[in-house]
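The next block holds one structure in the form of structure tokens; read it before the comments.
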Amino acid sequence: MNTATDTTHCDDLAKALEAFRDHAPLIERWGTELARRLCSGARLLVAGNGGSAAQAQHLTAELVGRYRDDRPPFSALALHADTSSTTAIANDYGVQEVFARQTAAHGRPGDVLLLLSTSGASANLLSAAERAHRLGMTVWALTGRSPNPLQLGADESLCVDAPVAATVQELHLVAVHMLCETFDRAVENGEAGRAAADGTPGADGKPGVVGRLVGRARTVGRTTPGAPVAPRKGQA
């Protein structure tokens, strides 16, 4: 009996990863642009179905929480994570409207909608992309092989050249982590990041939004040496 370990999956992933490297400049541009927008008060909306929903939620967790180093939280919403809204919309308006209606509710001009799909053909994602464009949002897509409908319906797309959905999803996760790394670097090195680091005021003479947030994040839980400590609730 042949007991050799089947490494086909690993081989497919390694092959797809080589081609995926060509997308690095696009991911870097996305991360830098996303940092610029979110630092200015915009938000990121993301959505996907099944495994792609998990990947999308992974991204929002990294932005609202943190990726590696401590930094301020940024506004990022996974539209599929609100089960009450998704099930109510699906029941009342149909599954195709699940993400489009939430995009209409939460999206604003200048926001970014990032859609993840291995097939690039999910009707509810295509509807969300159309609604986002009507609102003046920018639509990015992570998909499988091109061409596909979602690629054509987005402003920009990263299409993974792999024949298996599992491999596509694995490389979508790589893209998510690279995006977060570029985002954090842009926040740290950008104009807003420098203002946060050295206290340089913004154009209005006041510290920028990110500067105030970074300063607050660095002082949370700390007290000035020698300063009196307020009594806890219940203490005299």
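Just remember, in the structure tokens the first chain shown is A, the second B, etc., residues are 1-based per chain, and ligands are 1-based in the order shown.
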field: Who sits within 12 Å of Ala88 (chain A), only C-alpha atoms, same chain under 4 positions skipped, as a list in words
entry: His80, Asp82, Thr83, Ser84, Asp92, Tyr93, Gly94, Val95, Glu97, Val98, Phe99, Arg101 and Gln102 of chain A
How about saving the chosen residues, N, CA, C and O atoms kept, as a PDB file, in the first residue's frame?
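So result.pdb came out as:
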```pdb
ATOM      1  N   HIS A  80     -21.172  40.907   6.632  1.00  0.00           N
ATOM      2  CA  HIS A  80     -21.808  39.614   6.877  1.00  0.00           C
ATOM      3  C   HIS A  80     -21.846  39.254   8.360  1.00  0.00           C
ATOM      4  O   HIS A  80     -22.520  38.300   8.760  1.00  0.00           O
ATOM      5  N   ASP A  82     -23.087  40.833  10.937  1.00  0.00           N
ATOM      6  CA  ASP A  82     -24.327  41.179  11.640  1.00  0.00           C
ATOM      7  C   ASP A  82     -25.416  40.199  11.207  1.00  0.00           C
ATOM      8  O   ASP A  82     -26.125  40.412  10.227  1.00  0.00           O
ATOM      9  N   THR A  83     -25.543  39.116  11.964  1.00  0.00           N
ATOM     10  CA  THR A  83     -26.471  38.048  11.555  1.00  0.00           C
ATOM     11  C   THR A  83     -27.930  38.497  11.562  1.00  0.00           C
ATOM     12  O   THR A  83     -28.720  38.054  10.725  1.00  0.00           O
ATOM     13  N   SER A  84     -28.292  39.379  12.485  1.00  0.00           N
ATOM     14  CA  SER A  84     -29.686  39.835  12.527  1.00  0.00           C
ATOM     15  C   SER A  84     -30.029  40.629  11.273  1.00  0.00           C
ATOM     16  O   SER A  84     -31.092  40.445  10.666  1.00  0.00           O
ATOM     17  N   ASP A  92     -36.599  39.516   3.893  1.00  0.00           N
ATOM     18  CA  ASP A  92     -37.520  40.533   3.389  1.00  0.00           C
ATOM     19  C   ASP A  92     -37.242  40.980   1.958  1.00  0.00           C
ATOM     20  O   ASP A  92     -38.169  41.362   1.234  1.00  0.00           O
ATOM     21  N   TYR A  93     -35.971  40.936   1.553  1.00  0.00           N
ATOM     22  CA  TYR A  93     -35.609  41.481   0.245  1.00  0.00           C
ATOM     23  C   TYR A  93     -34.929  40.473  -0.681  1.00  0.00           C
ATOM     24  O   TYR A  93     -34.729  40.763  -1.863  1.00  0.00           O
ATOM     25  N   GLY A  94     -34.533  39.324  -0.143  1.00  0.00           N
ATOM     26  CA  GLY A  94     -33.829  38.340  -0.950  1.00  0.00           C
ATOM     27  C   GLY A  94     -32.332  38.370  -0.678  1.00  0.00           C
ATOM     28  O   GLY A  94     -31.773  39.406  -0.317  1.00  0.00           O
ATOM     29  N   VAL A  95     -31.691  37.223  -0.854  1.00  0.00           N
ATOM     30  CA  VAL A  95     -30.261  37.089  -0.555  1.00  0.00           C
ATOM     31  C   VAL A  95     -29.416  38.056  -1.368  1.00  0.00           C
ATOM     32  O   VAL A  95     -28.370  38.536  -0.911  1.00  0.00           O
ATOM     33  N   GLU A  97     -29.777  41.052  -1.952  1.00  0.00           N
ATOM     34  CA  GLU A  97     -29.715  42.398  -1.372  1.00  0.00           C
ATOM     35  C   GLU A  97     -28.987  42.445  -0.028  1.00  0.00           C
ATOM     36  O   GLU A  97     -28.867  43.523   0.575  1.00  0.00           O
ATOM     37  N   VAL A  98     -28.516  41.313   0.464  1.00  0.00           N
ATOM     38  CA  VAL A  98     -27.930  41.241   1.804  1.00  0.00           C
ATOM     39  C   VAL A  98     -26.820  42.262   2.006  1.00  0.00           C
ATOM     40  O   VAL A  98     -26.764  42.951   3.038  1.00  0.00           O
ATOM     41  N   PHE A  99     -25.893  42.377   1.065  1.00  0.00           N
ATOM     42  CA  PHE A  99     -24.773  43.296   1.214  1.00  0.00           C
ATOM     43  C   PHE A  99     -25.055  44.668   0.612  1.00  0.00           C
ATOM     44  O   PHE A  99     -24.551  45.684   1.101  1.00  0.00           O
ATOM     45  N   ARG A 101     -27.876  46.385   0.613  1.00  0.00           N
ATOM     46  CA  ARG A 101     -28.654  47.236   1.523  1.00  0.00           C
ATOM     47  C   ARG A 101     -27.787  47.744   2.678  1.00  0.00           C
ATOM     48  O   ARG A 101     -27.914  48.891   3.097  1.00  0.00           O
ATOM     49  N   GLN A 102     -26.902  46.898   3.169  1.00  0.00           N
ATOM     50  CA  GLN A 102     -26.004  47.337   4.245  1.00  0.00           C
ATOM     51  C   GLN A 102     -24.983  48.355   3.724  1.00  0.00           C
ATOM     52  O   GLN A 102     -24.597  49.281   4.446  1.00  0.00           O
TER      53      GLN A 102
END
```
task: Can you pull out every residue within 12 Å of Leu38 (chain A), counting only C-alpha atoms, but drop anything in the same chain fewer than 2 positions away, and send it as a PyMOL selection string?
output: chain A and resi 30-36+40-45+63-64+72-76+110-112+183-184+186-187+192+209-210
Selected residues, C-alpha atoms, written as a PDB file, in the first residue's frame, please.
```
ATOM      1  CA  TRP A  30      -4.122  49.644  -1.763  1.00  0.00           C
ATOM      2  CA  GLY A  31      -2.634  49.668   1.719  1.00  0.00           C
ATOM      3  CA  THR A  32      -1.241  53.168   1.301  1.00  0.00           C
ATOM      4  CA  GLU A  33      -4.493  54.516  -0.143  1.00  0.00           C
ATOM      5  CA  LEU A  34      -6.556  52.807   2.554  1.00  0.00           C
ATOM      6  CA  ALA A  35      -4.381  54.398   5.246  1.00  0.00           C
ATOM      7  CA  ARG A  36      -4.829  57.818   3.654  1.00  0.00           C
ATOM      8  CA  SER A  40      -9.088  61.148   7.006  1.00  0.00           C
ATOM      9  CA  GLY A  41     -12.198  59.645   8.592  1.00  0.00           C
ATOM     10  CA  ALA A  42     -13.410  57.282   5.862  1.00  0.00           C
ATOM     11  CA  ARG A  43     -14.264  53.676   6.596  1.00  0.00           C
ATOM     12  CA  LEU A  44     -13.728  50.274   5.032  1.00  0.00           C
ATOM     13  CA  LEU A  45     -16.650  47.937   4.363  1.00  0.00           C
ATOM     14  CA  LEU A  63      -7.766  47.126  11.478  1.00  0.00           C
ATOM     15  CA  VAL A  64     -10.102  47.635  14.425  1.00  0.00           C
ATOM     16  CA  PRO A  72      -5.143  53.578  16.946  1.00  0.00           C
ATOM     17  CA  PRO A  73      -8.228  51.619  15.830  1.00  0.00           C
ATOM     18  CA  PHE A  74      -9.695  52.352  12.417  1.00  0.00           C
ATOM     19  CA  SER A  75     -13.242  51.998  11.123  1.00  0.00           C
ATOM     20  CA  ALA A  76     -13.747  48.687   9.288  1.00  0.00           C
ATOM     21  CA  GLY A 110     -14.919  58.222  -0.292  1.00  0.00           C
ATOM     22  CA  ASP A 111     -15.342  54.971   1.645  1.00  0.00           C
ATOM     23  CA  VAL A 112     -13.890  51.721   0.313  1.00  0.00           C
ATOM     24  CA  PHE A 183      -1.404  49.963   5.936  1.00  0.00           C
ATOM     25  CA  ASP A 184       0.472  50.068   9.243  1.00  0.00           C
ATOM     26  CA  ALA A 186       1.778  54.031   5.774  1.00  0.00           C
ATOM     27  CA  VAL A 187       0.122  55.153   9.017  1.00  0.00           C
ATOM     28  CA  ALA A 192      -0.534  61.892   9.812  1.00  0.00           C
ATOM     29  CA  VAL A 209      -7.089  63.053  14.084  1.00  0.00           C
ATOM     30  CA  VAL A 210      -4.528  60.272  13.970  1.00  0.00           C
TER      31      VAL A 210
END
```
All residues 7 Å or closer to region 128-134 of chain A, only C-alpha atoms, same chain fewer than 6 positions away omitted, as a count of residues only: 6
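Among A:Gly190, A:Leu126, A:Ser119, A:Val164, the residue with the shortest atom-to-atom distance to Pro147 (chain A), counting only C-alpha atoms, is A:Ser119.
CA of Ala141 (chain A) lies 25.0 Å from CA of Cys10 (chain A).
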task: Considering only C-alpha atoms, return as a list in words whatever protein or nucleic-acid residues lie within 12 Å of Met178 (chain A), sequence-local ones (same chain, fewer than 5 positions apart) excluded.
output: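 Returned residues: Phe20, Arg21, His23, Ala24, Pro25, Leu26, Ile27, Glu28, Arg29, Trp30, Gly31, Thr32, Leu59, Glu62, Tyr67, Arg68, Leu171, His172, Leu173, Phe183, Asp184 and Arg185 of chain A.
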query: How many Å separate CA of Ser85 (chain A) from CA of Thr118 (chain A)?
result: 23.9 Å
query: Between A:Leu79, A:Asn124, A:Thr167, A:His58, which has the minimum distance to Ala105 (chain A) (counting only C-alpha atoms)?
result: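 For Ala105 (chain A), the nearest of the candidates is A:Leu79.
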message: Give me the residues near Trp140 (chain A) as a PyMOL selection string, where near means some atom within 6 Å (using only C-alpha atoms) and where sequence neighbours in that chain fewer than 4 positions away do not count.
response: chain A and resi 114+154-157
field: Pick from A:Leu115, A:Val176, A:Ala166, A:Leu13 nearest to Ala47 (chain A), counting only C-alpha atoms
entry: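 When distances to Ala47 (chain A) are compared using only C-alpha atoms, the smallest one comes from A:Leu115.
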field: Residue nearest Lys15 (chain A) - candidates A:Leu113, A:Ala61, A:Ala162, A:Leu152, atoms counted: only C-alpha atoms
entry: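 Selected residue with least distance to Lys15 (chain A): A:Ala162.
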- prompt: Nearest to Val139 (chain A): which of A:Leu116, A:Ala123, A:Ala56, A:Leu77 is it, counting only C-alpha atoms?
  reply: A:Leu116
message: What's the separation between CA of Gly136 (chain A) and CA of Pro109 (chain A), in Å to one decimal place?
response: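 Spanning CA of Gly136 (chain A) to CA of Pro109 (chain A) is a straight-line distance of 4.4 Å.
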task: May I have all residues of region 13-189 of chain A that DSSP, computed from the backbone, assigns to helix (DSSP H, G or I), given as a PyMOL selection string?
output: chain A and resi 13-39+51-64+79-81+83-93+95-106+123-135+149-153+165-189
query: Can you list every residue in region 94-131 of chain A that DSSP puts in strand (DSSP E), as a list in words?
result: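 For region 94-131 of chain A, the strand (DSSP E) set is Val112, Leu113, Leu114, Leu115, Leu116 and Ser117 of chain A.
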